[in-house]
Amino acid sequence: MKNMFLCRTKNHVWKSREDAAKCCNGYKRVLVTGKEIPPGTPNIIVNKQTGIKYSRIWVKE
C-alpha cells in the first residue's frame, strides 16, 4: 500500500503530504467549474454526459 498522510487534526487522510499539510490548517477544498478553474490546475475532470469541466482546489479560509 502507498503512503497515506493525516491532516493535523488526524480526521482526514490524503494521498499527498502537501494536501495533508493544508487540510484543517487554514485552507479548504472547493469545487470550481468551467472558467473558474485557474490555469495550470491539475486533475481537471470532464463530465461525459454534460461536458462540464470541474476540479477541486485549495483556497485560503
# chains A, B, ... in the order shown; residues from 1 in each chain; ligands from 1
>>> select_by_dssp(residues="chain A", states="strand (DSSP E or B)", output="count of residues only")
22
>>> residues_around(residues="segment 27-41 of chain A", least_positions_apart="6", cutoff="6 Å", atoms="only C-alpha atoms", output="PDB file with C-alpha atoms, in the first residue's frame")
ATOM      1  CA  LYS A  53     -15.202  20.678 -16.674  1.00  0.00           C
ATOM      2  CA  TYR A  54     -14.559  20.733 -12.930  1.00  0.00           C
ATOM      3  CA  SER A  55     -11.829  20.338 -10.367  1.00  0.00           C
ATOM      4  CA  ARG A  56     -11.265  20.740  -6.652  1.00  0.00           C
ATOM      5  CA  ILE A  57      -8.722  23.319  -5.488  1.00  0.00           C
ATOM      6  CA  TRP A  58      -7.392  24.610  -2.168  1.00  0.00           C
ATOM      7  CA  VAL A  59      -8.343  28.155  -1.122  1.00  0.00           C
ATOM      8  CA  LYS A  60      -7.364  30.062   1.998  1.00  0.00           C
ATOM      9  CA  GLU A  61     -10.194  30.270   4.555  1.00  0.00           C
TER      10      GLU A  61
END
>>> atom_distance(atom1="atom CA of Ser16 of chain A", atom2="atom CA of Ile45 of chain A")
18.9 Å
>>> residues_around(residues="segment 17-20 of chain A", least_positions_apart="4", cutoff="10 Å", atoms="only C-alpha atoms", output="count of residues only")
15
>>> decode(residues="segment 6-40 of chain A", atoms="N, CA and C atoms", output="short mmCIF file (atom, residue, chain, number, x, y, z; two decimals), in the first residue's frame")
data_model
loop_
_atom_site.label_atom_id
_atom_site.label_comp_id
_atom_site.auth_asym_id
_atom_site.auth_seq_id
_atom_site.Cartn_x
_atom_site.Cartn_y
_atom_site.Cartn_z
N LEU A 6 -2.00 11.97 7.22
CA LEU A 6 -3.09 12.54 8.01
C LEU A 6 -2.95 14.05 8.09
N CYS A 7 -4.10 14.74 8.15
CA CYS A 7 -4.06 16.18 8.39
C CYS A 7 -3.68 16.41 9.85
N ARG A 8 -3.51 17.66 10.23
CA ARG A 8 -3.02 17.95 11.58
C ARG A 8 -4.00 17.53 12.67
N THR A 9 -5.31 17.47 12.34
CA THR A 9 -6.29 17.04 13.34
C THR A 9 -6.48 15.52 13.35
N LYS A 10 -5.85 14.86 12.41
CA LYS A 10 -5.94 13.40 12.26
C LYS A 10 -7.36 12.93 11.94
N ASN A 11 -8.17 13.83 11.35
CA ASN A 11 -9.53 13.48 10.96
C ASN A 11 -9.65 13.09 9.49
N HIS A 12 -8.64 13.45 8.68
CA HIS A 12 -8.71 13.22 7.24
C HIS A 12 -7.43 12.59 6.72
N VAL A 13 -7.57 11.72 5.73
CA VAL A 13 -6.44 11.03 5.16
C VAL A 13 -6.26 11.49 3.71
N TRP A 14 -5.00 11.72 3.33
CA TRP A 14 -4.68 12.20 2.00
C TRP A 14 -3.58 11.35 1.37
N LYS A 15 -3.56 11.35 0.04
CA LYS A 15 -2.52 10.63 -0.69
C LYS A 15 -1.23 11.43 -0.79
N SER A 16 -1.34 12.75 -0.65
CA SER A 16 -0.13 13.58 -0.77
C SER A 16 0.14 14.34 0.53
N ARG A 17 1.41 14.51 0.81
CA ARG A 17 1.84 15.25 2.00
C ARG A 17 1.39 16.71 1.92
N GLU A 18 1.41 17.28 0.70
CA GLU A 18 1.02 18.69 0.51
C GLU A 18 -0.45 18.91 0.84
N ASP A 19 -1.33 17.99 0.41
CA ASP A 19 -2.75 18.12 0.72
C ASP A 19 -2.98 17.97 2.22
N ALA A 20 -2.32 17.03 2.84
CA ALA A 20 -2.47 16.82 4.29
C ALA A 20 -2.01 18.06 5.07
N ALA A 21 -0.98 18.74 4.59
CA ALA A 21 -0.47 19.92 5.27
C ALA A 21 -1.47 21.08 5.22
N LYS A 22 -2.27 21.18 4.15
CA LYS A 22 -3.24 22.27 4.03
C LYS A 22 -4.55 21.97 4.75
N CYS A 23 -4.93 20.69 4.77
CA CYS A 23 -6.21 20.29 5.35
C CYS A 23 -6.26 20.66 6.83
N CYS A 24 -7.37 21.29 7.26
CA CYS A 24 -7.57 21.70 8.66
C CYS A 24 -6.46 22.62 9.15
N ASN A 25 -5.87 23.39 8.23
CA ASN A 25 -4.76 24.25 8.58
C ASN A 25 -4.86 25.60 7.84
N GLY A 26 -6.10 26.14 7.80
CA GLY A 26 -6.30 27.45 7.19
C GLY A 26 -6.71 27.42 5.72
N TYR A 27 -6.90 26.22 5.16
CA TYR A 27 -7.34 26.08 3.77
C TYR A 27 -8.56 25.19 3.72
N LYS A 28 -9.33 25.32 2.66
CA LYS A 28 -10.44 24.40 2.42
C LYS A 28 -10.47 24.04 0.94
N ARG A 29 -11.04 22.88 0.63
CA ARG A 29 -11.17 22.43 -0.75
C ARG A 29 -12.49 22.94 -1.28
N VAL A 30 -12.48 23.51 -2.49
CA VAL A 30 -13.70 23.96 -3.13
C VAL A 30 -13.78 23.39 -4.53
N LEU A 31 -15.00 23.25 -5.01
CA LEU A 31 -15.25 22.77 -6.36
C LEU A 31 -15.33 23.98 -7.28
N VAL A 32 -14.56 23.95 -8.36
CA VAL A 32 -14.61 25.02 -9.35
C VAL A 32 -14.97 24.41 -10.70
N THR A 33 -15.71 25.16 -11.50
CA THR A 33 -16.15 24.67 -12.79
C THR A 33 -15.82 25.66 -13.90
N GLY A 34 -15.74 25.16 -15.11
CA GLY A 34 -15.57 25.99 -16.30
C GLY A 34 -14.47 27.03 -16.19
N LYS A 35 -14.84 28.29 -16.40
CA LYS A 35 -13.87 29.39 -16.41
C LYS A 35 -13.33 29.74 -15.02
N GLU A 36 -13.93 29.19 -13.96
CA GLU A 36 -13.43 29.42 -12.60
C GLU A 36 -12.15 28.64 -12.32
N ILE A 37 -11.86 27.63 -13.15
CA ILE A 37 -10.70 26.78 -12.92
C ILE A 37 -9.44 27.57 -13.24
N PRO A 38 -8.54 27.75 -12.27
CA PRO A 38 -7.31 28.51 -12.51
C PRO A 38 -6.40 27.79 -13.52
N PRO A 39 -5.66 28.57 -14.31
CA PRO A 39 -4.71 27.96 -15.25
C PRO A 39 -3.72 27.06 -14.52
N GLY A 40 -3.39 25.95 -15.12
CA GLY A 40 -2.41 25.04 -14.54
C GLY A 40 -2.97 24.11 -13.48
#
